[in-house]
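Novice: Structure supplied as model29.pdb; contents: PDB, C-alpha atoms and all ligand atoms.
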```
ATOM      1  CA  MET E1253     -26.608   2.387   3.101
ATOM      2  CA  PRO E1254     -24.847   0.320   0.392
ATOM      3  CA  SER E1255     -21.081   0.607   0.112
ATOM      4  CA  ILE E1256     -19.528   2.863  -2.505
ATOM      5  CA  VAL E1257     -16.400   0.717  -2.717
ATOM      6  CA  THR E1258     -17.613  -2.589  -4.115
ATOM      7  CA  PRO E1259     -15.630  -5.490  -5.645
ATOM      8  CA  GLN E1260     -14.507  -4.466  -9.135
ATOM      9  CA  ILE E1261     -11.459  -4.563 -11.389
ATOM     10  CA  ALA E1262      -9.344  -1.853  -9.760
ATOM     11  CA  ASP E1263      -7.368  -0.419 -12.675
ATOM     12  CA  SER E1264      -6.210   3.195 -12.628
ATOM     13  CA  ARG E1265      -9.439   4.490 -14.124
ATOM     14  CA  ALA E1266     -11.589   2.665 -11.542
ATOM     15  CA  VAL E1267      -9.447   3.905  -8.654
ATOM     16  CA  GLY E1268      -9.636   7.495  -9.918
ATOM     17  CA  ALA E1269     -13.417   7.197 -10.275
ATOM     18  CA  LEU E1270     -13.831   5.745  -6.773
ATOM     19  CA  CYS E1271     -11.753   8.584  -5.308
ATOM     20  CA  ALA E1272     -14.051  11.093  -7.022
ATOM     21  CA  VAL E1273     -17.231   9.340  -5.834
ATOM     22  CA  LEU E1274     -15.961   9.129  -2.246
ATOM     23  CA  CYS E1275     -15.137  12.851  -2.253
ATOM     24  CA  HIS E1276     -18.564  13.670  -3.654
ATOM     25  CA  ALA E1277     -20.305  11.571  -0.987
ATOM     26  CA  TYR E1278     -18.059  12.854   1.816
ATOM     27  CA  PRO E1279     -17.020  16.420   0.956
ATOM     28  CA  PHE E1280     -14.632  16.656   3.920
ATOM     29  CA  VAL E1281     -12.322  14.164   2.169
ATOM     30  CA  HIS E1282      -9.487  16.010   0.490
ATOM     31  CA  HIS E1283      -8.449  14.544  -2.872
ATOM     32  CA  THR E1284      -5.097  15.429  -4.364
ATOM     33  CA  THR E1285      -2.197  13.755  -6.149
ATOM     34  CA  ILE E1286       1.351  13.342  -4.894
ATOM     35  CA  GLY E1287       2.866  12.981  -8.343
ATOM     36  CA  GLN E1288       2.676  10.945 -11.519
ATOM     37  CA  SER E1289       3.749   7.495 -12.610
ATOM     38  CA  VAL E1290       6.287   6.767 -15.368
ATOM     39  CA  CYS E1291       3.450   6.922 -17.950
ATOM     40  CA  GLY E1292       1.896  10.047 -16.405
ATOM     41  CA  ARG E1293      -0.941   8.436 -14.469
ATOM     42  CA  PRO E1294      -1.881  10.309 -11.268
ATOM     43  CA  LEU E1295      -0.820   9.019  -7.857
ATOM     44  CA  HIS E1296      -4.027   9.714  -5.942
ATOM     45  CA  ALA E1297      -4.086  10.756  -2.296
ATOM     46  CA  LEU E1298      -7.175  11.001  -0.087
ATOM     47  CA  SER E1299      -6.954  12.581   3.322
ATOM     48  CA  ILE E1300      -9.344  12.972   6.225
ATOM     49  CA  GLY E1301      -8.756  15.465   9.012
ATOM     50  CA  HIS E1302      -6.236  18.230   9.659
ATOM     51  CA  GLY E1303      -4.642  17.077  12.904
ATOM     52  CA  GLU E1304      -0.931  16.938  13.632
ATOM     53  CA  HIS E1305      -0.904  13.196  14.275
ATOM     54  CA  ALA E1306      -0.668  11.868  10.710
ATOM     55  CA  VAL E1307      -1.036   8.234   9.660
ATOM     56  CA  LEU E1308      -0.411   6.902   6.162
ATOM     57  CA  PHE E1309      -1.827   3.914   4.302
ATOM     58  CA  ALA E1310      -0.420   3.057   0.870
ATOM     59  CA  ALA E1311      -1.587   0.269  -1.454
ATOM     60  CA  ALA E1312      -0.962  -1.443  -4.803
ATOM     61  CA  PHE E1313       2.835  -1.278  -4.902
ATOM     62  CA  HIS E1314       2.815  -4.589  -6.756
ATOM     63  CA  ALA E1315       0.815  -4.830  -9.956
ATOM     64  CA  GLN E1316      -0.893  -8.157  -9.244
ATOM     65  CA  GLU E1317      -1.920  -6.892  -5.800
ATOM     66  CA  TRP E1318      -4.481  -4.406  -7.130
ATOM     67  CA  LEU E1319      -7.178  -5.714  -4.775
ATOM     68  CA  THR E1320      -5.366  -3.794  -2.017
ATOM     69  CA  SER E1321      -6.570  -0.528  -3.638
ATOM     70  CA  LEU E1322     -10.150  -1.544  -2.916
ATOM     71  CA  ILE E1323      -9.215  -2.449   0.663
ATOM     72  CA  ALA E1324      -7.640   1.002   1.160
ATOM     73  CA  LEU E1325     -10.637   2.775  -0.383
ATOM     74  CA  ARG E1326     -13.134   0.752   1.679
ATOM     75  CA  LEU E1327     -11.149   1.726   4.770
ATOM     76  CA  CYS E1328     -11.474   5.372   3.712
ATOM     77  CA  GLU E1329     -15.220   4.884   3.301
ATOM     78  CA  ASP E1330     -15.524   3.252   6.739
ATOM     79  CA  LEU E1331     -13.607   6.110   8.378
ATOM     80  CA  CYS E1332     -15.918   8.597   6.646
ATOM     81  CA  ARG E1333     -18.997   6.736   7.868
ATOM     82  CA  GLN E1334     -17.692   6.889  11.417
ATOM     83  CA  TYR E1335     -16.835  10.555  11.002
ATOM     84  CA  ILE E1336     -20.422  11.530  10.144
ATOM     85  CA  GLY E1337     -21.977   9.139  12.682
ATOM     86  CA  GLU E1338     -23.282   6.594  10.151
ATOM     87  CA  ASP E1339     -21.283   3.816  11.786
ATOM     88  CA  THR E1340     -21.262   3.871  15.578
ATOM     89  CA  ARG E1341     -20.604   0.175  16.158
ATOM     90  CA  SER E1342     -16.861   0.005  15.575
ATOM     91  CA  ARG E1343     -14.559  -1.183  18.337
ATOM     92  CA  PHE E1344     -12.024   1.423  17.241
ATOM     93  CA  ASP E1345     -13.547   4.842  17.370
ATOM     94  CA  PHE E1346     -12.059   7.183  14.800
ATOM     95  CA  VAL E1347     -14.306  10.080  15.877
ATOM     96  CA  SER E1348     -12.705  10.219  19.334
ATOM     97  CA  VAL E1349      -9.267  10.886  17.817
ATOM     98  CA  ALA E1350     -10.300  12.642  14.606
ATOM     99  CA  ALA E1351      -9.705  16.182  15.872
ATOM    100  CA  SER E1352      -6.010  15.549  16.398
ATOM    101  CA  ARG E1353      -5.461  13.327  13.385
ATOM    102  CA  THR E1354      -4.924  13.224   9.657
ATOM    103  CA  VAL E1355      -5.319   9.917   7.834
ATOM    104  CA  VAL E1356      -3.764   9.881   4.370
ATOM    105  CA  ILE E1357      -4.640   7.060   1.998
ATOM    106  CA  LEU E1358      -2.705   6.418  -1.224
ATOM    107  CA  PRO E1359      -4.814   3.753  -2.912
ATOM    108  CA  GLN E1360      -2.539   2.985  -5.866
ATOM    109  CA  ILE E1361       1.231   3.580  -5.828
ATOM    110  CA  ASN E1362       1.806   1.626  -9.055
ATOM    111  CA  PRO E1363      -1.007   2.573 -11.485
ATOM    112  CA  ASP E1364       1.034   1.763 -14.618
ATOM    113  CA  GLY E1365       1.915  -1.697 -13.332
ATOM    114  CA  VAL E1366      -1.684  -2.414 -12.380
ATOM    115  CA  ASP E1367      -2.998  -1.359 -15.800
ATOM    116  CA  ILE E1368      -0.295  -3.456 -17.506
ATOM    117  CA  ALA E1369      -1.150  -6.455 -15.303
ATOM    118  CA  ILE E1370      -4.873  -6.140 -16.018
ATOM    119  CA  HIS E1371      -4.930  -4.951 -19.638
ATOM    120  CA  GLY E1372      -1.544  -5.939 -21.082
ATOM    121  CA  SER E1373       1.752  -4.423 -22.213
ATOM    122  CA  SER E1374       0.089  -1.883 -24.530
ATOM    123  CA  ARG E1375      -0.806   0.157 -21.414
ATOM    124  CA  GLY E1376       2.890   0.789 -20.880
ATOM    125  CA  GLY E1377       3.086   3.403 -23.654
ATOM    126  CA  SER E1378       6.575   3.742 -25.120
ATOM    127  CA  HIS E1379       7.763   0.844 -22.917
ATOM    128  CA  ALA E1380       5.269  -1.635 -24.392
ATOM    129  CA  THR E1381       7.805  -3.638 -26.426
ATOM    130  CA  MET E1382      10.157  -4.145 -23.469
ATOM    131  CA  LEU E1383       7.195  -5.009 -21.261
ATOM    132  CA  HIS E1384       5.944  -7.619 -23.728
ATOM    133  CA  VAL E1385       9.422  -9.187 -24.048
ATOM    134  CA  GLN E1386       9.692  -9.315 -20.248
ATOM    135  CA  GLY E1387       6.448 -11.256 -19.905
ATOM    136  CA  ALA E1388       3.919  -8.536 -19.093
ATOM    137  CA  ASP E1389       1.296 -10.275 -21.245
ATOM    138  CA  ILE E1390       1.556 -13.559 -19.342
ATOM    139  CA  LYS E1391      -1.323 -13.731 -16.905
ATOM    140  CA  GLY E1392      -0.464 -13.297 -13.228
ATOM    141  CA  VAL E1393       3.205 -12.420 -13.728
ATOM    142  CA  TRP E1394       3.760  -8.645 -13.830
ATOM    143  CA  GLN E1395       4.488  -6.933 -10.490
ATOM    144  CA  ALA E1396       6.804  -4.052 -11.474
ATOM    145  CA  ASN E1397       6.184  -0.553 -12.851
ATOM    146  CA  ALA E1398       6.390   0.499 -16.534
ATOM    147  CA  HIS E1399      10.207   0.544 -16.359
ATOM    148  CA  GLY E1400      10.310  -3.078 -15.183
ATOM    149  CA  ILE E1401      11.386  -1.977 -11.708
ATOM    150  CA  ASP E1402       9.851  -3.489  -8.607
ATOM    151  CA  LEU E1403       8.855  -0.424  -6.585
ATOM    152  CA  ASN E1404       9.192  -2.290  -3.316
ATOM    153  CA  HIS E1405      12.855  -2.910  -4.146
ATOM    154  CA  ASN E1406      13.473   0.729  -5.086
ATOM    155  CA  PHE E1407      13.540   2.361  -1.642
ATOM    156  CA  ASP E1408      16.837   3.284  -0.002
ATOM    157  CA  ALA E1409      17.174   0.537   2.616
ATOM    158  CA  GLY E1410      19.826  -2.167   2.412
ATOM    159  CA  ARG E1411      20.530  -1.458  -1.272
ATOM    160  CA  GLU E1412      23.811  -3.382  -1.440
ATOM    161  CA  GLN E1413      22.508  -6.477   0.295
ATOM    162  CA  LEU E1414      19.377  -6.433  -1.873
ATOM    163  CA  ALA E1415      21.346  -6.001  -5.116
ATOM    164  CA  ALA E1416      23.517  -9.000  -4.160
ATOM    165  CA  ILE E1417      20.416 -11.114  -3.459
ATOM    166  CA  GLU E1418      18.853  -9.990  -6.772
ATOM    167  CA  ARG E1419      22.030 -10.948  -8.664
ATOM    168  CA  SER E1420      22.095 -14.340  -6.962
ATOM    169  CA  HIS E1421      18.605 -14.889  -8.393
ATOM    170  CA  GLY E1422      19.805 -13.840 -11.863
ATOM    171  CA  ILE E1423      17.909 -10.532 -11.707
ATOM    172  CA  THR E1424      20.068  -7.839 -13.313
ATOM    173  CA  GLY E1425      17.720  -5.656 -15.357
ATOM    174  CA  PRO E1426      14.125  -4.695 -16.126
ATOM    175  CA  CYS E1427      11.770  -7.608 -15.561
ATOM    176  CA  ALA E1428       8.410  -8.615 -14.127
ATOM    177  CA  ARG E1429       9.396  -8.550 -10.472
ATOM    178  CA  GLN E1430      12.158  -8.076  -7.914
ATOM    179  CA  TRP E1431      14.556  -5.791  -9.786
ATOM    180  CA  GLY E1432      15.303  -2.701  -7.711
ATOM    181  CA  GLY E1433      16.825  -0.566 -10.492
ATOM    182  CA  VAL E1434      20.257   1.037 -10.609
ATOM    183  CA  CYS E1435      19.677   3.428  -7.707
ATOM    184  CA  ALA E1436      17.158   4.066  -4.943
ATOM    185  CA  GLU E1437      14.216   6.369  -5.695
ATOM    186  CA  SER E1438      14.979   6.229  -9.426
ATOM    187  CA  GLU E1439      11.243   5.825 -10.075
ATOM    188  CA  PRO E1440       8.769   8.714  -9.900
ATOM    189  CA  GLU E1441       6.344   6.605  -7.860
ATOM    190  CA  THR E1442       8.973   5.825  -5.192
ATOM    191  CA  ALA E1443      10.333   9.377  -5.207
ATOM    192  CA  ALA E1444       6.844  10.869  -4.757
ATOM    193  CA  LEU E1445       6.113   8.664  -1.759
ATOM    194  CA  CYS E1446       9.469   9.448  -0.117
ATOM    195  CA  ALA E1447       8.958  13.157  -0.762
ATOM    196  CA  LEU E1448       5.560  12.997   0.931
ATOM    197  CA  CYS E1449       7.099  11.252   3.966
ATOM    198  CA  ARG E1450       9.878  13.857   4.152
ATOM    199  CA  ARG E1451       7.252  16.622   4.034
ATOM    200  CA  VAL E1452       4.733  15.108   6.487
ATOM    201  CA  PRO E1453       6.055  13.639   9.774
ATOM    202  CA  PHE E1454       3.855  10.539   9.767
ATOM    203  CA  HIS E1455       3.537   8.937  13.192
ATOM    204  CA  HIS E1456       3.422   5.530  11.515
ATOM    205  CA  VAL E1457       2.721   4.052   8.080
ATOM    206  CA  ALA E1458       1.142   0.892   6.714
ATOM    207  CA  ALA E1459       1.858  -0.615   3.301
ATOM    208  CA  LEU E1460      -0.830  -2.922   1.928
ATOM    209  CA  HIS E1461       0.328  -5.976   0.007
ATOM    210  CA  SER E1462      -1.119  -9.414  -0.639
ATOM    211  CA  GLN E1463      -0.811 -12.115   0.470
ATOM    212  CA  GLY E1464      -0.281 -14.468   3.432
ATOM    213  CA  GLU E1465      -2.170 -12.839   6.343
ATOM    214  CA  GLU E1466       1.081 -11.627   7.879
ATOM    215  CA  ILE E1467       2.297  -8.407   9.513
ATOM    216  CA  TYR E1468       5.885  -7.260   8.929
ATOM    217  CA  TRP E1469       6.974  -4.699  11.473
ATOM    218  CA  GLN E1470      10.773  -4.793  11.731
ATOM    219  CA  TYR E1471      13.737  -3.367   9.828
ATOM    220  CA  GLY E1472      17.210  -2.983  11.255
ATOM    221  CA  ASP E1473      18.435  -1.187  14.352
ATOM    222  CA  ARG E1474      16.048   1.761  14.187
ATOM    223  CA  THR E1475      12.904  -0.344  14.623
ATOM    224  CA  PRO E1476      11.159   1.242  17.633
ATOM    225  CA  THR E1477      10.926  -1.008  20.654
ATOM    226  CA  HIS E1478       7.129  -0.756  20.795
ATOM    227  CA  ALA E1479       6.704  -1.986  17.204
ATOM    228  CA  ARG E1480       6.791  -5.671  18.182
ATOM    229  CA  MET E1481       4.074  -5.199  20.777
ATOM    230  CA  THR E1482       1.997  -3.136  18.367
ATOM    231  CA  ALA E1483       2.293  -5.841  15.697
ATOM    232  CA  ARG E1484       1.072  -8.384  18.246
ATOM    233  CA  LEU E1485      -1.858  -6.134  19.089
ATOM    234  CA  LEU E1486      -2.723  -5.788  15.389
ATOM    235  CA  ALA E1487      -2.419  -9.572  15.058
ATOM    236  CA  SER E1488      -4.754 -10.130  17.990
ATOM    237  CA  VAL E1489      -7.608  -8.240  16.303
ATOM    238  CA  SER E1490      -7.153  -9.853  12.882
ATOM    239  CA  GLY E1491      -5.776 -13.361  13.329
ATOM    240  CA  TYR E1492      -2.804 -12.334  11.177
ATOM    241  CA  THR E1493       0.720 -13.435  12.153
ATOM    242  CA  PRO E1494       3.631 -11.091  12.978
ATOM    243  CA  ALA E1495       6.464 -12.274  10.726
ATOM    244  CA  SER E1496       9.691 -11.444   8.882
ATOM    245  CA  PRO E1497       9.826 -11.460   5.069
ATOM    246  CA  ASN E1498      11.925 -13.847   2.930
ATOM    247  CA  ALA E1499      15.477 -12.791   2.005
ATOM    248  CA  ILE E1500      14.602 -11.278  -1.387
ATOM    249  CA  ALA E1501      11.831  -9.200   0.197
ATOM    250  CA  SER E1502      13.882  -8.195   3.233
ATOM    251  CA  HIS E1503      15.377  -4.897   1.974
ATOM    252  CA  GLY E1504      14.412  -2.011  -0.267
ATOM    253  CA  GLY E1505      10.745  -1.873   0.696
ATOM    254  CA  PHE E1506       8.716   1.157   1.722
ATOM    255  CA  LYS E1507       8.294   0.123   5.355
ATOM    256  CA  ASP E1508      12.045  -0.709   5.506
ATOM    257  CA  TRP E1509      12.956   2.761   4.277
ATOM    258  CA  PHE E1510      10.418   4.468   6.529
ATOM    259  CA  ILE E1511      11.691   2.717   9.675
ATOM    260  CA  GLU E1512      15.350   3.286   8.800
ATOM    261  CA  HIS E1513      14.791   6.901   7.750
ATOM    262  CA  THR E1514      12.553   8.000  10.640
ATOM    263  CA  GLY E1515      12.967   5.487  13.500
ATOM    264  CA  ARG E1516       9.166   5.355  13.662
ATOM    265  CA  MET E1517       6.793   2.434  13.116
ATOM    266  CA  GLY E1518       6.223   1.046   9.637
ATOM    267  CA  PHE E1519       4.110  -2.005   8.872
ATOM    268  CA  THR E1520       3.457  -4.186   5.888
ATOM    269  CA  PHE E1521       0.127  -5.986   5.936
ATOM    270  CA  GLU E1522       0.039  -9.025   3.672
ATOM    271  CA  LEU E1523      -3.694  -9.228   3.043
ATOM    272  CA  GLY E1524      -5.560 -12.400   2.142
ATOM    273  CA  ARG E1525      -4.363 -15.809   1.087
ATOM    274  CA  GLY E1526      -4.156 -17.668  -2.190
ATOM    275  CA  ARG E1527      -2.686 -16.716  -5.516
ATOM    276  CA  ASN E1528      -2.289 -13.161  -6.854
ATOM    277  CA  PRO E1529      -4.326 -11.504  -8.129
ATOM    278  CA  LEU E1530      -6.648 -12.502  -5.331
ATOM    279  CA  PRO E1531     -10.163 -13.125  -6.674
ATOM    280  CA  LEU E1532     -12.785 -10.402  -6.352
ATOM    281  CA  CYS E1533     -15.159 -12.858  -4.703
ATOM    282  CA  ASP E1534     -12.747 -12.872  -1.736
ATOM    283  CA  PHE E1535     -12.827  -9.081  -1.312
ATOM    284  CA  ASP E1536     -15.529  -8.909   1.372
ATOM    285  CA  SER E1537     -14.086 -11.707   3.500
ATOM    286  CA  ILE E1538     -10.539 -10.270   3.229
ATOM    287  CA  TYR E1539     -11.768  -6.824   4.216
ATOM    288  CA  GLN E1540     -13.872  -8.106   7.119
ATOM    289  CA  LYS E1541     -10.949 -10.071   8.524
ATOM    290  CA  ALA E1542      -8.545  -7.127   8.200
ATOM    291  CA  ARG E1543     -11.016  -4.366   9.100
ATOM    292  CA  ASP E1544     -10.315  -4.043  12.816
ATOM    293  CA  MET E1545      -6.564  -4.209  12.174
ATOM    294  CA  LEU E1546      -6.852  -1.350   9.665
ATOM    295  CA  LEU E1547      -9.164   0.737  11.879
ATOM    296  CA  LEU E1548      -6.865   0.193  14.857
ATOM    297  CA  THR E1549      -3.905   1.296  12.735
ATOM    298  CA  ALA E1550      -5.818   4.467  11.863
ATOM    299  CA  VAL E1551      -6.452   5.335  15.524
ATOM    300  CA  LEU E1552      -3.076   4.272  17.003
TER     301      LEU E1552
HETATM  302 ZN    ZN E1601       3.587  -7.001  -2.624
END
```
What is this structure when it is put down as structure tokens?
Specialist:
Amino acid sequence: MPSIVTPQIADSRAVGALCAVLCHAYPFVHHTTIGQSVCGRPLHALSIGHGEHAVLFAAAFHAQEWLTSLIALRLCEDLCRQYIGEDTRSRFDFVSVAASRTVVILPQINPDGVDIAIHGSSRGGSHATMLHVQGADIKGVWQANAHGIDLNHNFDAGREQLAAIERSHGITGPCARQWGGVCAESEPETAALCALCRRVPFHHVAALHSQGEEIYWQYGDRTPTHARMTARLLASVSGYTPASPNAIASHGGFKDWFIEHTGRMGFTFELGRGRNPLPLCDFDSIYQKARDMLLLTAVL
């Protein structure tokens, strides 16, 4: 059977449409929203299963990294195919754990940023002028949300250190990337994701970014001792490399906050290689290389 999730420009409309088609094809998938973006776009959530052991995947934090939405949605499709017995060849059998599990997939945390990156500053509504001045219409530049805040700098983890690093790079206000805003969780997208994690005791989470084929698994003293070994296991099925991020990406991220807040495992997968946005022609090869790592994360 041909895939539902095929390579395509994954703006907010496309992601919403793919969520609807997946739910139509697989009626056991629950489709809801966890909130709205700055400009009022829905933050979609798909979930499979009703078990206590909950696992979260979240994608498209950074506007140029919109290909990660398609990776998350293809993962959802693959889990559904396993669930109904259409795919029995996987090394990592979701069906065997499905009864005790809930997999939640947030395909697009930053829908405003993605639409601005793909279609231009006019998609930022009342913020369009600021967005244009800050370079949103320059191809390949915009990573932030419609307020010019980098969502992966807006989580409450190492705020002071991160703000000092941002200042040392001359980043002090709304811009295309790497400004964390004046306080943690100031953005509705960040706040909605944190609220979900406070409501649902996820066993572990995975944030999908691009690129570099790396796995980040560590943040501070609360990193669980088994996280290093798990990252190595995930690396062994994908060829990715367990790594630590650069200084300016070393605080304020979702996985940083999740580890510090819960003491449980949080991963960032840096999918693919090249220059963002990664080309659509690379989608299938990126997904195939990451597939077992993603399926293993779902059944851990
Ligand atoms: Zn990123």
Novice: So which one's closest to Leu1523 in chain E, E:Gly1432, E:Gly1400, E:Gly1464, E:Gly1292? Using all atoms listed in the file, please.
Specialist: E:Gly1464
Novice: Give as a ChimeraX atom specification each residue that has an atom at most 8 Å from (3.4, 17.3, 11.5) in the file, counting all atoms listed in the file.
Specialist: /E:1304-1306,1452-1454
Novice: Using the chain letters and numbering of this document, enumerate as a list in words the residues selected by the PyMOL selection byres (((not hetatm)) within 10 of (chain E and resi 1601)).
Specialist: Ala1311, Ala1312, Phe1313, His1314, Ala1315, Gln1316, Glu1317, Trp1318, Thr1320, Gln1395, Ala1396, Asp1402, Leu1403, Asn1404, Arg1429, Ala1459, Leu1460, His1461, Ser1462, Gln1463, Ala1501, Gly1505, Thr1520, Phe1521, Glu1522, Leu1523 and Asn1528 of chain E
Novice: Can you list, as JSON, numbers by chain, every protein, DNA or RNA residue that comes within 12 Å of range 1417-1426 of chain E when you count only C-alpha atoms, leaving out same-chain residues fewer than 4 positions away?
Specialist: {"E": [1379, 1382, 1383, 1384, 1385, 1386, 1387, 1388, 1394, 1395, 1396, 1397, 1398, 1399, 1400, 1401, 1402, 1403, 1405, 1410, 1411, 1412, 1413, 1430, 1431, 1432, 1433, 1434, 1498, 1499, 1500, 1501, 1502, 1503, 1504]}
Novice: Taking into account only C-alpha atoms, which residue in the set E:Cys1291, E:Cys1332, E:Leu1322, E:Val1393 is nearest to Ala1380 in chain E?
Specialist: E:Cys1291
